[in-house]
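These notes are about the structure you will find just below.
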2 protein chains.
Amino acid sequence: MKYIEKLRNSGLRPTKQRLQICEVLFDTDKTFHFTINDLANKIKRQLNNKISLATVYNTVHAFEKKGYLKQIPINSNQTYFDTNITDHHHFYDLKEEKLIDLENSDVGPINILKKIDGKKIKSVEVLVKLED
Amino acid sequence: MKYIEKLRNSGLRPTKQRLQICEVLFDTDKTFHFTINDLANKIKRQLNNKISLATVYNTVHAFEKKGYLKQIPINSNQTYFDTNITDHHHFYDLKEEKLIDLENSDVGPINILKKIDGKKIKSVEVLVKLED
DNA sequence: ACAGCTTTTTAGAATCATTATAAACTAGTC
DNA sequence: GACTAGTTTATAATGATTCTAAAAAGCTGT
């Protein structure tokens, strides 16, 4: 199993549940956006198998901390995650309430001129809201 | 009262509560960031007067819809609002969990090269996460 | 000023995503 | 296999936000 090493390398025990979640998240060419609920449903459907919601939360947060997932900064009642962990940005279609990836190359270079003493820039994320 | 007209002009009845909230939000040179809870506390302290939490929610949402406030796109368990409604961006200090304004002039021009059919860009917001 | 109508406020209940709990289970090690 | 620490689980708790429906307040015409 290709995910066993990945998990071990970051200090996460490769449990059955984590491996299954890896499958659902990473066994595809396409990256995607999801909420915890989306993921729980996808697991049930795709693996015909229920993983406790608490475990889904725990795992997603663990993966995020290890850098396998990114949270998308957006105001919504649910938290959105992204399996695309490259530096990139998002469109948010206000009407459809859907996120669309916006690659770094589709945004001109961003130059932050203001500096904050004692702080380093960790990430720069752009959210482009769309209307009709 | 200077806010009466402002409210009437946007079709909101100038009620006592709305006028008081205007005072707390807009009677200052400095703009600021707040959550609903921050605001409810500020009202209690500053006006020595309690406004029902439901009213605070209603009013903030009404003001946001009318463009007197902006929601700040960030992942937090609470929703953040901004009395600064000019086009601008934010630093988010991950350690202190604090927002800092980043004026448009402190960010180089942003050029979104990708277009989505049938959609217009409504806003472009940058979130710069800071670490130590 | 008042009647009539609509909008707003309010306290409290309801909702719903997320987090905490603590008991049962499992992976890794000897 | 037995020990230990890390995980999973169902369920309860939390907490921000929204809903409800009754009371209050704004507005308009008289």
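Every chain in the structure tokens has a letter given in the order shown (A, B, ...), and although residue numbers restart at 1 in each chain, ligands are simply numbered from 1 in the order shown.
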
Please report as a Markdown table every residue of chain D lying within 10 Å of chain A, along with the nearest atom pair and their distance in Å (one decimal), using only C-alpha atoms (C1' of nucleotides).
| residue | atom | partner | partner_atom | distance |
| --- | --- | --- | --- | --- |
| D:DG6 | C1' | A:Arg13 | CA | 7.8 |
| D:DT7 | C1' | A:Thr15 | CA | 7.9 |
| D:DT8 | C1' | A:Thr55 | CA | 6.5 |
| D:DT9 | C1' | A:Ser52 | CA | 6.3 |
| D:DA10 | C1' | A:Ser52 | CA | 8.2 |
| D:DA16 | C1' | A:Asn77 | CA | 9.6 |
| D:DT17 | C1' | A:Asn77 | CA | 8.9 |

Let's have the selection written as an mmCIF file, in the first residue's frame, with C-alpha atoms (C1' of nucleotides).
data_model
loop_
_atom_site.group_PDB
_atom_site.id
_atom_site.type_symbol
_atom_site.label_atom_id
_atom_site.label_comp_id
_atom_site.auth_asym_id
_atom_site.auth_seq_id
_atom_site.Cartn_x
_atom_site.Cartn_y
_atom_site.Cartn_z
ATOM 1 C "C1'" DG D 6 -1.995 5.977 19.777
ATOM 2 C "C1'" DT D 7 -6.714 5.546 17.428
ATOM 3 C "C1'" DT D 8 -11.432 4.907 16.703
ATOM 4 C "C1'" DT D 9 -16.004 5.244 18.070
ATOM 5 C "C1'" DA D 10 -20.693 6.615 19.588
ATOM 6 C "C1'" DA D 16 -22.062 30.328 16.622
ATOM 7 C "C1'" DT D 17 -25.836 31.313 14.002
#

Counting only C-alpha atoms, which residues of chain B come no farther than 6 Å from chain A, as a list of chain:residue names?
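Applying the cut-off to the listed atoms yields B:Pro73, B:Ile74, B:Asn75, B:Asp106, B:Val107, B:Gly108, B:Ile110, B:Asn111, B:Ile112, B:Leu113, B:Lys114, B:Lys119, B:Lys120, B:Ile121, B:Lys122, B:Ser123, B:Val124, B:Glu125, B:Val126, B:Leu127, B:Val128, B:Lys129, B:Leu130, B:Glu131, B:Asp132.
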
Now that the selection is made, can you save its residues with C-alpha atoms as a PDB file, in the first residue's frame?
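Everything below was put into again-v8.pdb:
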ATOM      1  CA  PRO B  73     -12.851  35.715   4.160  1.00  0.00           C
ATOM      2  CA  ILE B  74     -10.940  33.725   6.718  1.00  0.00           C
ATOM      3  CA  ASN B  75     -11.380  30.404   8.418  1.00  0.00           C
ATOM      4  CA  ASP B 106       0.776  47.775  -0.192  1.00  0.00           C
ATOM      5  CA  VAL B 107       0.051  45.015  -2.668  1.00  0.00           C
ATOM      6  CA  GLY B 108       1.233  45.216  -6.227  1.00  0.00           C
ATOM      7  CA  ILE B 110      -3.245  41.908  -9.197  1.00  0.00           C
ATOM      8  CA  ASN B 111      -4.069  40.690 -12.614  1.00  0.00           C
ATOM      9  CA  ILE B 112      -6.436  37.757 -12.924  1.00  0.00           C
ATOM     10  CA  LEU B 113      -5.685  36.177 -16.272  1.00  0.00           C
ATOM     11  CA  LYS B 114      -8.221  33.367 -16.202  1.00  0.00           C
ATOM     12  CA  LYS B 119     -19.171  35.566 -14.790  1.00  0.00           C
ATOM     13  CA  LYS B 120     -17.843  38.921 -13.698  1.00  0.00           C
ATOM     14  CA  ILE B 121     -15.258  39.545 -11.023  1.00  0.00           C
ATOM     15  CA  LYS B 122     -16.911  41.110  -8.015  1.00  0.00           C
ATOM     16  CA  SER B 123     -13.916  41.333  -5.726  1.00  0.00           C
ATOM     17  CA  VAL B 124     -10.335  40.228  -5.344  1.00  0.00           C
ATOM     18  CA  GLU B 125      -9.228  39.636  -1.794  1.00  0.00           C
ATOM     19  CA  VAL B 126      -5.790  38.636  -0.618  1.00  0.00           C
ATOM     20  CA  LEU B 127      -5.112  36.937   2.688  1.00  0.00           C
ATOM     21  CA  VAL B 128      -1.485  36.873   3.775  1.00  0.00           C
ATOM     22  CA  LYS B 129      -0.819  34.463   6.611  1.00  0.00           C
ATOM     23  CA  LEU B 130       1.994  35.391   8.969  1.00  0.00           C
ATOM     24  CA  GLU B 131       4.156  33.198  11.167  1.00  0.00           C
ATOM     25  CA  ASP B 132       7.083  33.979  13.440  1.00  0.00           C
TER      26      ASP B 132
END

Correct to one decimal, the distance CA of Val60 in chain A-CA of Phe26 in chain A is 12.5 Å

Check which residues of chain C sit at most 9 Å from chain A using only C-alpha atoms (C1' of nucleotides), and return one row each with the closest pair of atoms and their distance in Å to one decimal, ordered by chain and rising number, as a Markdown table.
| residue | atom | partner | partner_atom | distance |
| --- | --- | --- | --- | --- |
| C:DA17 | C1' | A:Gln78 | CA | 6.6 |
| C:DT18 | C1' | A:Tyr57 | CA | 8.5 |
| C:DT19 | C1' | A:Ala54 | CA | 8.9 |
| C:DT26 | C1' | A:Thr15 | CA | 8.2 |
| C:DA27 | C1' | A:Arg13 | CA | 7.3 |

Q) Which of chain A counts as alpha helix (DSSP H) under DSSP, as JSON, numbers by chain please? A) {"A": [2, 3, 4, 5, 6, 7, 8, 9, 16, 17, 18, 19, 20, 21, 22, 23, 24, 25, 26, 36, 37, 38, 39, 40, 41, 42, 43, 44, 45, 46, 47, 53, 54, 55, 56, 57, 58, 59, 60, 61, 62, 63, 64, 65, 66]}

Report as a list in words all protein, DNA and RNA residues lying within 12 Å of DA12 in chain D, evaluated on only C-alpha atoms (C1' of nucleotides), omitting residues in the same chain fewer than 4 positions from it. DT19, DA20, DT21 and DA22 of chain C

Please produce a file of those selected residues containing C-alpha atoms (C1' of nucleotides), as a PDB file, in the first residue's frame.
ATOM      1  C1'  DT C  19     -14.976  19.417  19.485  1.00  0.00           C
ATOM      2  C1'  DA C  20     -14.691  16.790  23.755  1.00  0.00           C
ATOM      3  C1'  DT C  21     -15.199  12.432  26.333  1.00  0.00           C
ATOM      4  C1'  DA C  22     -14.036   8.146  27.794  1.00  0.00           C
TER       5       DA C  22
END

Query - Residues of chain A in strand (DSSP E), written as a PyMOL selection string - result: chain A and resi 33-34+70-72+80-82+88-93+98-103+120-131

Prev. selection, N, CA and C atoms, output as a CSV table (one decimal), in the first residue's frame:
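Wrote out-v2.csv, looks like this:
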chain,number,residue,atom,x,y,z
A,33,HIS,N,-12.1,20.0,-4.1
A,33,HIS,CA,-12.5,20.7,-2.9
A,33,HIS,C,-13.6,19.9,-2.2
A,34,PHE,N,-13.6,19.9,-0.8
A,34,PHE,CA,-14.6,19.2,-0.1
A,34,PHE,C,-14.8,19.7,1.3
A,70,LYS,N,-5.1,21.4,2.3
A,70,LYS,CA,-5.1,22.8,2.7
A,70,LYS,C,-6.5,23.2,3.0
A,71,GLN,N,-6.6,24.1,4.0
A,71,GLN,CA,-7.9,24.7,4.2
A,71,GLN,C,-8.1,25.9,3.3
A,72,ILE,N,-9.3,26.1,2.8
A,72,ILE,CA,-9.5,27.2,1.9
A,72,ILE,C,-10.1,28.4,2.7
A,80,TYR,N,-14.0,24.4,4.1
A,80,TYR,CA,-13.6,23.8,2.9
A,80,TYR,C,-12.2,23.4,2.9
A,81,PHE,N,-11.9,22.2,2.3
A,81,PHE,CA,-10.5,21.7,2.2
A,81,PHE,C,-10.2,21.5,0.7
A,82,ASP,N,-8.9,21.4,0.5
A,82,ASP,CA,-8.5,21.2,-0.9
A,82,ASP,C,-7.4,20.2,-1.0
A,88,HIS,N,-1.7,28.0,-4.8
A,88,HIS,CA,-2.7,28.5,-5.9
A,88,HIS,C,-3.8,29.2,-5.2
A,89,HIS,N,-4.8,29.7,-6.0
A,89,HIS,CA,-5.8,30.6,-5.5
A,89,HIS,C,-7.2,30.0,-5.9
A,90,HIS,N,-8.2,30.8,-5.6
A,90,HIS,CA,-9.6,30.3,-5.9
A,90,HIS,C,-10.5,31.4,-6.4
A,91,PHE,N,-11.4,31.0,-7.3
A,91,PHE,CA,-12.6,31.8,-7.6
A,91,PHE,C,-13.6,31.2,-6.7
A,92,TYR,N,-14.5,32.1,-6.3
A,92,TYR,CA,-15.7,31.6,-5.6
A,92,TYR,C,-17.0,32.2,-6.3
A,93,ASP,N,-17.7,31.3,-6.9
A,93,ASP,CA,-18.9,31.7,-7.6
A,93,ASP,C,-20.0,31.9,-6.6
A,98,LYS,N,-19.8,27.8,-5.5
A,98,LYS,CA,-18.8,26.8,-5.9
A,98,LYS,C,-17.4,27.4,-6.0
A,99,LEU,N,-16.5,26.6,-5.6
A,99,LEU,CA,-15.1,27.0,-5.7
A,99,LEU,C,-14.5,26.5,-7.0
A,100,ILE,N,-13.6,27.3,-7.6
A,100,ILE,CA,-12.9,26.9,-8.8
A,100,ILE,C,-11.4,27.3,-8.6
A,101,ASP,N,-10.5,26.3,-9.0
A,101,ASP,CA,-9.1,26.6,-8.8
A,101,ASP,C,-8.6,27.7,-9.7
A,102,LEU,N,-7.7,28.5,-9.3
A,102,LEU,CA,-7.1,29.5,-10.0
A,102,LEU,C,-5.6,29.3,-9.8
A,103,GLU,N,-4.9,28.8,-10.9
A,103,GLU,CA,-3.5,28.5,-10.7
A,103,GLU,C,-2.7,29.8,-10.5
A,120,LYS,N,7.0,36.5,9.4
A,120,LYS,CA,7.4,36.0,8.1
A,120,LYS,C,6.1,35.7,7.4
A,121,ILE,N,6.1,35.9,6.1
A,121,ILE,CA,4.9,35.5,5.3
A,121,ILE,C,4.9,34.0,5.1
A,122,LYS,N,3.8,33.4,5.5
A,122,LYS,CA,3.7,31.9,5.3
A,122,LYS,C,3.0,31.6,4.0
A,123,SER,N,2.0,32.3,3.7
A,123,SER,CA,1.2,32.1,2.5
A,123,SER,C,0.5,33.3,2.0
A,124,VAL,N,0.3,33.4,0.7
A,124,VAL,CA,-0.5,34.4,0.1
A,124,VAL,C,-1.6,33.8,-0.7
A,125,GLU,N,-2.8,34.0,-0.3
A,125,GLU,CA,-4.0,33.4,-0.9
A,125,GLU,C,-4.9,34.4,-1.4
A,126,VAL,N,-5.4,34.3,-2.7
A,126,VAL,CA,-6.3,35.2,-3.3
A,126,VAL,C,-7.6,34.5,-3.5
A,127,LEU,N,-8.7,35.2,-3.1
A,127,LEU,CA,-10.0,34.8,-3.3
A,127,LEU,C,-10.7,35.8,-4.3
A,128,VAL,N,-11.1,35.3,-5.4
A,128,VAL,CA,-11.8,36.1,-6.4
A,128,VAL,C,-13.3,35.8,-6.4
A,129,LYS,N,-14.1,36.7,-6.0
A,129,LYS,CA,-15.5,36.4,-5.9
A,129,LYS,C,-16.1,36.7,-7.3
A,130,LEU,N,-17.0,35.8,-7.8
A,130,LEU,CA,-17.6,36.0,-9.1
A,130,LEU,C,-19.1,36.2,-8.9
A,131,GLU,N,-19.6,37.1,-9.8
A,131,GLU,CA,-21.1,37.2,-9.9
A,131,GLU,C,-21.5,37.2,-11.4

The distance between CA of Lys42 in chain A and CA of Glu23 in chain A is 10.9 Å

Between CA of Asn49 in chain A and CA of Lys30 in chain A lies a distance of 22.8 Å

- Task: May I have the residues within 12 Å of DC3 in chain D as a list in words, using only C-alpha atoms (C1' of nucleotides) and disregarding those fewer than 4 positions away in the same chain?
- Result: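 Surrounding residues, per the criterion: DG28, DT29 and DC30 of chain C.
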
- request: Pick out the closest residue to Leu25 in chain A from this set: A:Glu5, A:Glu97, A:Lys65, A:Leu47. Count only C-alpha atoms.
  value: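 That would be A:Leu47, the residue with the smallest distance to Leu25 in chain A.
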